[in-house]
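What follows is the content of coords10.cif, which has mmCIF, C-alpha atoms:
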```
data_upload
#
loop_
_atom_site.label_atom_id
_atom_site.label_comp_id
_atom_site.auth_asym_id
_atom_site.auth_seq_id
_atom_site.Cartn_x
_atom_site.Cartn_y
_atom_site.Cartn_z
CA ARG A 1 0.00 0.00 0.00
CA LYS A 2 1.29 3.48 -0.88
CA GLU A 3 2.23 5.61 2.11
CA VAL A 4 0.31 8.60 0.77
CA GLU A 5 -2.40 8.02 -1.78
CA GLN A 6 -4.22 10.56 -3.92
CA ASP A 7 -6.65 10.52 -6.82
CA PRO A 8 -4.45 11.59 -9.77
CA GLY A 9 -7.29 13.42 -11.52
CA PRO A 10 -7.31 15.46 -13.64
CA PHE A 11 -10.06 17.57 -12.21
CA ASN A 12 -11.34 19.88 -14.94
CA VAL A 13 -13.47 22.64 -13.44
CA PRO A 14 -14.78 26.02 -14.60
CA GLU A 15 -13.68 29.23 -12.96
CA GLY A 16 -15.62 29.90 -9.80
CA ALA A 17 -16.21 26.24 -9.02
CA THR A 18 -15.53 24.59 -5.70
CA VAL A 19 -13.31 21.53 -5.87
CA ALA A 20 -12.24 19.07 -3.19
CA PHE A 21 -9.22 16.79 -3.11
CA ASN A 22 -8.78 13.83 -0.83
CA CYS A 23 -5.78 11.96 0.38
CA THR A 24 -5.18 8.95 2.63
CA TYR A 25 -2.04 7.95 4.46
CA SER A 26 -1.02 4.55 5.74
CA ASN A 27 1.37 5.34 8.62
CA SER A 28 -0.74 6.20 11.64
CA ALA A 29 2.40 7.50 13.36
CA SER A 30 2.83 10.31 10.81
CA GLN A 31 2.80 13.54 12.71
CA SER A 32 2.35 16.45 10.35
CA PHE A 33 0.65 16.92 7.06
CA PHE A 34 0.81 19.48 4.32
CA TRP A 35 -0.55 20.42 0.96
CA TYR A 36 2.06 21.54 -1.53
CA ARG A 37 1.38 22.94 -4.95
CA GLN A 38 3.54 22.06 -7.94
CA ASP A 39 3.38 23.81 -11.28
CA CYS A 40 4.59 21.97 -14.36
CA ARG A 41 8.34 21.29 -14.12
CA LYS A 42 8.69 23.51 -11.08
CA GLU A 43 9.52 22.90 -7.45
CA PRO A 44 6.88 22.03 -4.84
CA LYS A 45 5.70 25.05 -2.89
CA LEU A 46 3.97 24.87 0.46
CA LEU A 47 0.31 25.77 0.18
CA MET A 48 -0.70 25.09 3.75
CA SER A 49 -0.20 22.88 6.76
CA VAL A 50 -3.06 20.64 7.83
CA TYR A 51 -4.33 20.42 11.39
CA SER A 52 -6.95 18.23 13.06
CA SER A 53 -8.91 21.34 13.94
CA GLY A 54 -8.99 22.32 10.27
CA ASN A 55 -7.46 25.45 8.90
CA GLU A 56 -8.42 28.00 6.33
CA ASP A 57 -6.35 30.36 4.24
CA GLY A 58 -8.48 32.52 2.02
CA ARG A 59 -10.19 30.28 -0.52
CA PHE A 60 -8.38 27.18 0.72
CA THR A 61 -9.51 24.93 3.56
CA ALA A 62 -7.61 21.89 4.77
CA GLN A 63 -8.81 19.20 7.12
CA LEU A 64 -7.20 16.22 8.83
CA ASN A 65 -9.07 13.21 10.20
CA ARG A 66 -6.57 11.12 12.15
CA ALA A 67 -9.07 8.37 12.96
CA SER A 68 -9.69 7.76 9.24
CA GLN A 69 -6.13 8.72 8.19
CA TYR A 70 -7.67 11.10 5.71
CA ILE A 71 -6.71 14.59 4.58
CA SER A 72 -8.71 16.96 2.43
CA LEU A 73 -8.24 20.22 0.59
CA LEU A 74 -11.15 22.39 -0.51
CA ILE A 75 -10.68 25.19 -3.01
CA ARG A 76 -13.50 27.66 -3.33
CA ASP A 77 -14.09 30.10 -6.18
CA SER A 78 -11.43 28.49 -8.39
CA LYS A 79 -9.19 30.79 -10.42
CA LEU A 80 -7.34 30.02 -13.62
CA SER A 81 -4.13 30.46 -11.62
CA ASP A 82 -5.12 27.56 -9.36
CA SER A 83 -4.34 25.16 -12.23
CA ALA A 84 -1.50 22.99 -10.91
CA THR A 85 -0.78 19.65 -9.30
CA TYR A 86 -1.65 19.47 -5.61
CA LEU A 87 0.61 17.25 -3.53
CA CYS A 88 -0.53 15.66 -0.29
CA VAL A 89 2.48 15.30 2.02
CA ALA A 90 3.04 13.51 5.32
CA GLU A 91 5.96 14.05 7.62
CA LYS A 92 7.49 10.77 8.72
CA ALA A 93 7.19 10.30 12.45
CA GLY A 94 10.48 10.30 14.29
CA GLY A 95 12.47 11.30 11.26
CA TYR A 96 14.39 14.47 10.60
CA ASN A 97 11.45 16.03 8.88
CA LYS A 98 11.47 13.50 6.03
CA LEU A 99 8.53 14.31 3.78
CA ILE A 100 6.52 11.57 2.09
CA PHE A 101 4.78 12.84 -1.03
CA GLY A 102 1.68 11.59 -2.74
CA ALA A 103 1.74 11.39 -6.50
CA GLY A 104 -0.41 14.51 -6.76
CA THR A 105 -3.82 15.49 -8.03
CA ARG A 106 -3.92 17.57 -11.18
CA LEU A 107 -6.33 20.49 -11.35
CA ALA A 108 -7.19 22.32 -14.55
CA VAL A 109 -9.41 25.39 -14.18
CA HIS A 110 -10.90 26.61 -17.46
CA PRO A 111 -12.66 29.87 -18.37
CA GLU B 1 12.31 36.86 0.42
CA PRO B 2 15.17 34.39 0.96
CA GLU B 3 15.13 31.37 -1.30
CA VAL B 4 16.99 28.17 -2.02
CA THR B 5 19.05 28.29 -5.20
CA GLN B 6 20.39 25.40 -7.27
CA THR B 7 22.93 25.10 -10.06
CA PRO B 8 22.99 24.08 -12.78
CA SER B 9 19.37 24.24 -13.86
CA HIS B 10 20.02 21.50 -16.44
CA GLN B 11 22.78 18.93 -16.73
CA VAL B 12 23.32 16.38 -19.46
CA THR B 13 25.89 13.68 -18.83
CA GLN B 14 27.04 10.35 -20.17
CA MET B 15 26.33 7.16 -18.28
CA GLY B 16 29.16 6.37 -15.88
CA GLN B 17 30.21 9.98 -15.43
CA GLU B 18 30.27 11.78 -12.11
CA VAL B 19 27.99 14.74 -11.53
CA ILE B 20 27.82 17.26 -8.72
CA LEU B 21 24.62 19.15 -8.13
CA ARG B 22 24.92 22.31 -6.09
CA CYS B 23 22.54 24.03 -3.74
CA VAL B 24 22.68 27.17 -1.64
CA PRO B 25 20.15 26.77 1.19
CA ILE B 26 18.50 29.68 2.95
CA SER B 27 21.23 31.28 5.01
CA ASN B 28 20.04 30.69 8.58
CA HIS B 29 18.67 27.20 7.94
CA LEU B 30 20.22 24.20 9.65
CA TYR B 31 18.53 21.21 8.00
CA PHE B 32 19.15 20.29 4.40
CA TYR B 33 17.54 17.75 2.11
CA TRP B 34 17.72 16.28 -1.34
CA TYR B 35 14.67 14.90 -3.12
CA ARG B 36 14.26 13.68 -6.65
CA GLN B 37 11.36 13.43 -9.06
CA ILE B 38 11.51 11.14 -12.06
CA LEU B 39 9.42 12.54 -14.90
CA GLY B 40 5.76 11.78 -14.34
CA GLN B 41 6.34 10.30 -10.90
CA LYS B 42 6.11 11.51 -7.32
CA VAL B 43 8.71 13.44 -5.38
CA GLU B 44 10.94 11.02 -3.44
CA PHE B 45 13.11 11.67 -0.41
CA LEU B 46 16.82 10.94 -0.85
CA VAL B 47 18.67 12.25 2.19
CA SER B 48 18.57 14.66 5.10
CA PHE B 49 21.61 16.38 6.55
CA TYR B 50 22.11 18.13 9.85
CA ASN B 51 25.11 19.16 11.89
CA ASN B 52 27.48 18.11 9.13
CA GLU B 53 26.28 14.56 8.90
CA ILE B 54 23.59 12.51 7.23
CA SER B 55 20.62 12.12 9.58
CA GLU B 56 18.54 9.87 7.36
CA LYS B 57 18.75 8.40 3.87
CA SER B 58 16.42 6.40 1.69
CA GLU B 59 17.17 3.13 -0.07
CA ILE B 60 17.61 5.11 -3.28
CA PHE B 61 20.63 6.82 -1.71
CA ASP B 62 23.13 4.03 -2.26
CA ASP B 63 26.93 4.09 -2.34
CA GLN B 64 26.91 6.00 -5.62
CA PHE B 65 25.46 9.04 -3.85
CA SER B 66 27.13 11.36 -1.38
CA VAL B 67 26.39 14.75 0.11
CA GLU B 68 28.66 17.42 1.44
CA ARG B 69 28.54 20.86 2.92
CA PRO B 70 31.97 22.04 1.83
CA ASP B 71 31.63 25.54 3.27
CA GLY B 72 29.13 27.65 5.14
CA SER B 73 26.82 28.16 2.22
CA ASN B 74 26.86 25.29 -0.29
CA PHE B 75 25.26 21.86 -0.04
CA THR B 76 26.13 19.39 -2.77
CA LEU B 77 24.88 16.06 -4.05
CA LYS B 78 27.39 13.91 -5.90
CA ILE B 79 26.52 10.93 -8.04
CA ARG B 80 29.73 9.01 -8.65
CA SER B 81 28.84 6.91 -11.67
CA THR B 82 25.56 7.94 -13.19
CA LYS B 83 23.05 5.45 -14.54
CA LEU B 84 20.25 5.99 -17.03
CA GLU B 85 17.73 5.66 -14.23
CA ASP B 86 19.30 8.61 -12.38
CA SER B 87 17.67 10.90 -14.94
CA ALA B 88 15.30 13.04 -12.89
CA MET B 89 14.70 16.45 -11.41
CA TYR B 90 16.71 16.84 -8.22
CA PHE B 91 15.37 19.26 -5.62
CA CYS B 92 17.31 20.65 -2.71
CA ALA B 93 15.36 21.86 0.33
CA SER B 94 16.20 23.49 3.63
CA SER B 95 14.43 24.23 6.88
CA GLY B 96 15.23 26.25 9.96
CA GLY B 97 14.38 23.45 12.38
CA SER B 98 13.56 19.76 12.37
CA ARG B 99 9.83 20.44 12.43
CA GLU B 100 9.77 23.61 10.36
CA THR B 101 8.63 24.18 6.80
CA GLN B 102 10.91 22.91 4.08
CA TYR B 103 11.58 25.33 1.26
CA PHE B 104 12.49 23.83 -2.07
CA GLY B 105 14.92 25.09 -4.67
CA PRO B 106 13.97 25.27 -8.37
CA GLY B 107 15.65 21.96 -9.09
CA THR B 108 18.34 20.59 -11.40
CA ARG B 109 17.11 18.55 -14.30
CA LEU B 110 19.61 15.73 -14.85
CA LEU B 111 19.60 13.74 -18.06
CA VAL B 112 21.86 10.70 -18.29
CA LEU B 113 22.50 9.42 -21.82
#
```

Turn the structure described in the file into structure tokens.
Amino acid sequence: RKEVEQDPGPFNVPEGATVAFNCTYSNSASQSFFWYRQDCRKEPKLLMSVYSSGNEDGRFTAQLNRASQYISLLIRDSKLSDSATYLCVAEKAGGYNKLIFGAGTRLAVHP
Amino acid sequence: EPEVTQTPSHQVTQMGQEVILRCVPISNHLYFYWYRQILGQKVEFLVSFYNNEISEKSEIFDDQFSVERPDGSNFTLKIRSTKLEDSAMYFCASSGGSRETQYFGPGTRLLVL
């Protein structure tokens, strides 16, 4: 079983749509979770950290369910500039901040 | 805003040759990492480095790979004898603490022929 699993997509949505991405992780000892964004042939960039209490940053909301080992990202009012691959990332427990990446979910926002 | 830089941006080499990929982490960061991403695949951890020694490495990071912090600013990844399957994008990252955000450099695209 993959350590971090995501639906690869692509998700094709019109501008203004709300889109949700899901992710599951297999290591219950993983401590921290993140969503990174990766544009084509570019480096991953941190979008937001994910907390059990849920956190929101503008149009983006992330949620962690430790009992289900499930992470979500909600994007409201999608913009063309949101088109990218969204990477679900777990931090390996006990490690020196080793990040375990999912394969990513591709989002394409069209006019 | 401080950022991680990497050189070269692209490197083409012949199989069996040695390559050195260079990174300049963010200046006050203490933890350094290398990741790689084969085209079309996920980002994979290679190695973490702290206090002038490797703190963790993956099974990808075999004897052909080594890392070094030769001075106060550079962090290098050396591949001694490149193989075709080493072709990938190599990302350097740094963080200020063991539980702090990792910032990634723009990557070096390595092509082994």

Exercise. Taking all atoms listed in the file into account, which residues of chain B are within 6 Å of chain A, as an NGL selection string?
Worked result: :B and (42-43 or 98-99 or 106)

Problem set entry | Computed interatomic separation between atom CA of Ser27 of chain B and atom CA of Ala93 of chain B (Å) | 12.0 Å

For this session: Name the residues that the PyMOL selection byres ((chain A and resi 24) around 8) picks from the file above, as a ChimeraX atom specification, using the file's chain letters and numbers.
Result: /A:4-6,22-23,25-26,69-71

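You can rank B:Thr82, B:Asn28, B:Ser87, B:Ser48 by their closest distance to Val4 of chain B using only C-alpha atoms, and at the top of that list sits B:Asn28.
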
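Each of B:Phe65, B:Leu46, B:Asp86, B:Phe91 was checked against Leu110 of chain B using only C-alpha atoms; the smallest atom-to-atom distance is that of B:Asp86.
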
Problem set entry | Output of the PyMOL selection byres ((chain A and resi 63) around 12), listed as number ranges by chain | A: 20-24, 32-35, 48-57, 60-62, 64-66, 68-75, 88

Restrict the selected residues to C-alpha atoms and save them as a JSON list (two decimals), in the coordinates of the input.
```json
[["chain", "number", "residue", "atom", "x", "y", "z"],
["A", 20, "ALA", "CA", -12.24, 19.07, -3.19],
["A", 21, "PHE", "CA", -9.22, 16.79, -3.11],
["A", 22, "ASN", "CA", -8.78, 13.83, -0.83],
["A", 23, "CYS", "CA", -5.78, 11.96, 0.38],
["A", 24, "THR", "CA", -5.18, 8.95, 2.63],
["A", 32, "SER", "CA", 2.35, 16.45, 10.35],
["A", 33, "PHE", "CA", 0.65, 16.92, 7.06],
["A", 34, "PHE", "CA", 0.81, 19.48, 4.32],
["A", 35, "TRP", "CA", -0.55, 20.42, 0.96],
["A", 48, "MET", "CA", -0.70, 25.09, 3.75],
["A", 49, "SER", "CA", -0.20, 22.88, 6.76],
["A", 50, "VAL", "CA", -3.06, 20.64, 7.83],
["A", 51, "TYR", "CA", -4.33, 20.42, 11.39],
["A", 52, "SER", "CA", -6.95, 18.23, 13.06],
["A", 53, "SER", "CA", -8.91, 21.34, 13.94],
["A", 54, "GLY", "CA", -8.99, 22.32, 10.27],
["A", 55, "ASN", "CA", -7.46, 25.45, 8.90],
["A", 56, "GLU", "CA", -8.42, 28.00, 6.33],
["A", 57, "ASP", "CA", -6.35, 30.36, 4.24],
["A", 60, "PHE", "CA", -8.38, 27.18, 0.72],
["A", 61, "THR", "CA", -9.51, 24.93, 3.56],
["A", 62, "ALA", "CA", -7.61, 21.89, 4.77],
["A", 64, "LEU", "CA", -7.20, 16.22, 8.83],
["A", 65, "ASN", "CA", -9.07, 13.21, 10.20],
["A", 66, "ARG", "CA", -6.57, 11.12, 12.15],
["A", 68, "SER", "CA", -9.69, 7.76, 9.24],
["A", 69, "GLN", "CA", -6.13, 8.72, 8.19],
["A", 70, "TYR", "CA", -7.67, 11.10, 5.71],
["A", 71, "ILE", "CA", -6.71, 14.59, 4.58],
["A", 72, "SER", "CA", -8.71, 16.96, 2.43],
["A", 73, "LEU", "CA", -8.24, 20.22, 0.59],
["A", 74, "LEU", "CA", -11.15, 22.39, -0.51],
["A", 75, "ILE", "CA", -10.68, 25.19, -3.01],
["A", 88, "CYS", "CA", -0.53, 15.66, -0.29]]
```

Exercise. What would the list of residues within 9 Å of (18.5, 24.1, -7.3) (file frame) look like as a PyMOL selection string, if all atoms listed in the file are what count?
Worked result: chain B and resi 4-9+21-24+90-93+104-108

Residues as selected, C-alpha atoms, written as an mmCIF file, keeping the file's coordinate frame, can you do that?
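So the final result, stored in out.cif, reads:
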```cif
data_model
loop_
_atom_site.group_PDB
_atom_site.id
_atom_site.type_symbol
_atom_site.label_atom_id
_atom_site.label_comp_id
_atom_site.auth_asym_id
_atom_site.auth_seq_id
_atom_site.Cartn_x
_atom_site.Cartn_y
_atom_site.Cartn_z
ATOM 1 C CA VAL B 4 16.990 28.170 -2.020
ATOM 2 C CA THR B 5 19.050 28.290 -5.200
ATOM 3 C CA GLN B 6 20.390 25.400 -7.270
ATOM 4 C CA THR B 7 22.930 25.100 -10.060
ATOM 5 C CA PRO B 8 22.990 24.080 -12.780
ATOM 6 C CA SER B 9 19.370 24.240 -13.860
ATOM 7 C CA LEU B 21 24.620 19.150 -8.130
ATOM 8 C CA ARG B 22 24.920 22.310 -6.090
ATOM 9 C CA CYS B 23 22.540 24.030 -3.740
ATOM 10 C CA VAL B 24 22.680 27.170 -1.640
ATOM 11 C CA TYR B 90 16.710 16.840 -8.220
ATOM 12 C CA PHE B 91 15.370 19.260 -5.620
ATOM 13 C CA CYS B 92 17.310 20.650 -2.710
ATOM 14 C CA ALA B 93 15.360 21.860 0.330
ATOM 15 C CA PHE B 104 12.490 23.830 -2.070
ATOM 16 C CA GLY B 105 14.920 25.090 -4.670
ATOM 17 C CA PRO B 106 13.970 25.270 -8.370
ATOM 18 C CA GLY B 107 15.650 21.960 -9.090
ATOM 19 C CA THR B 108 18.340 20.590 -11.400
#
```

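Taking atom CA of Leu39 of chain B and atom CA of Ser58 of chain B as endpoints, the distance between them is 19.0 Å.
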
Problem set entry | Result set of the PyMOL selection byres ((chain B and resi 67-72) around 12) on the coordinates above, as number ranges by chain | B: 19-34, 46-57, 61-66, 73-80, 92

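Using all atoms listed in the file, the smallest distance between any of A:Ala29, A:Leu47, A:Cys40, A:Ala67 and Ala84 of chain A comes from A:Cys40.
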
Exercise. What gap, in Å, lies between atom CA of Asp7 of chain A and atom CA of Arg106 of chain A?
Worked result: 8.7 Å
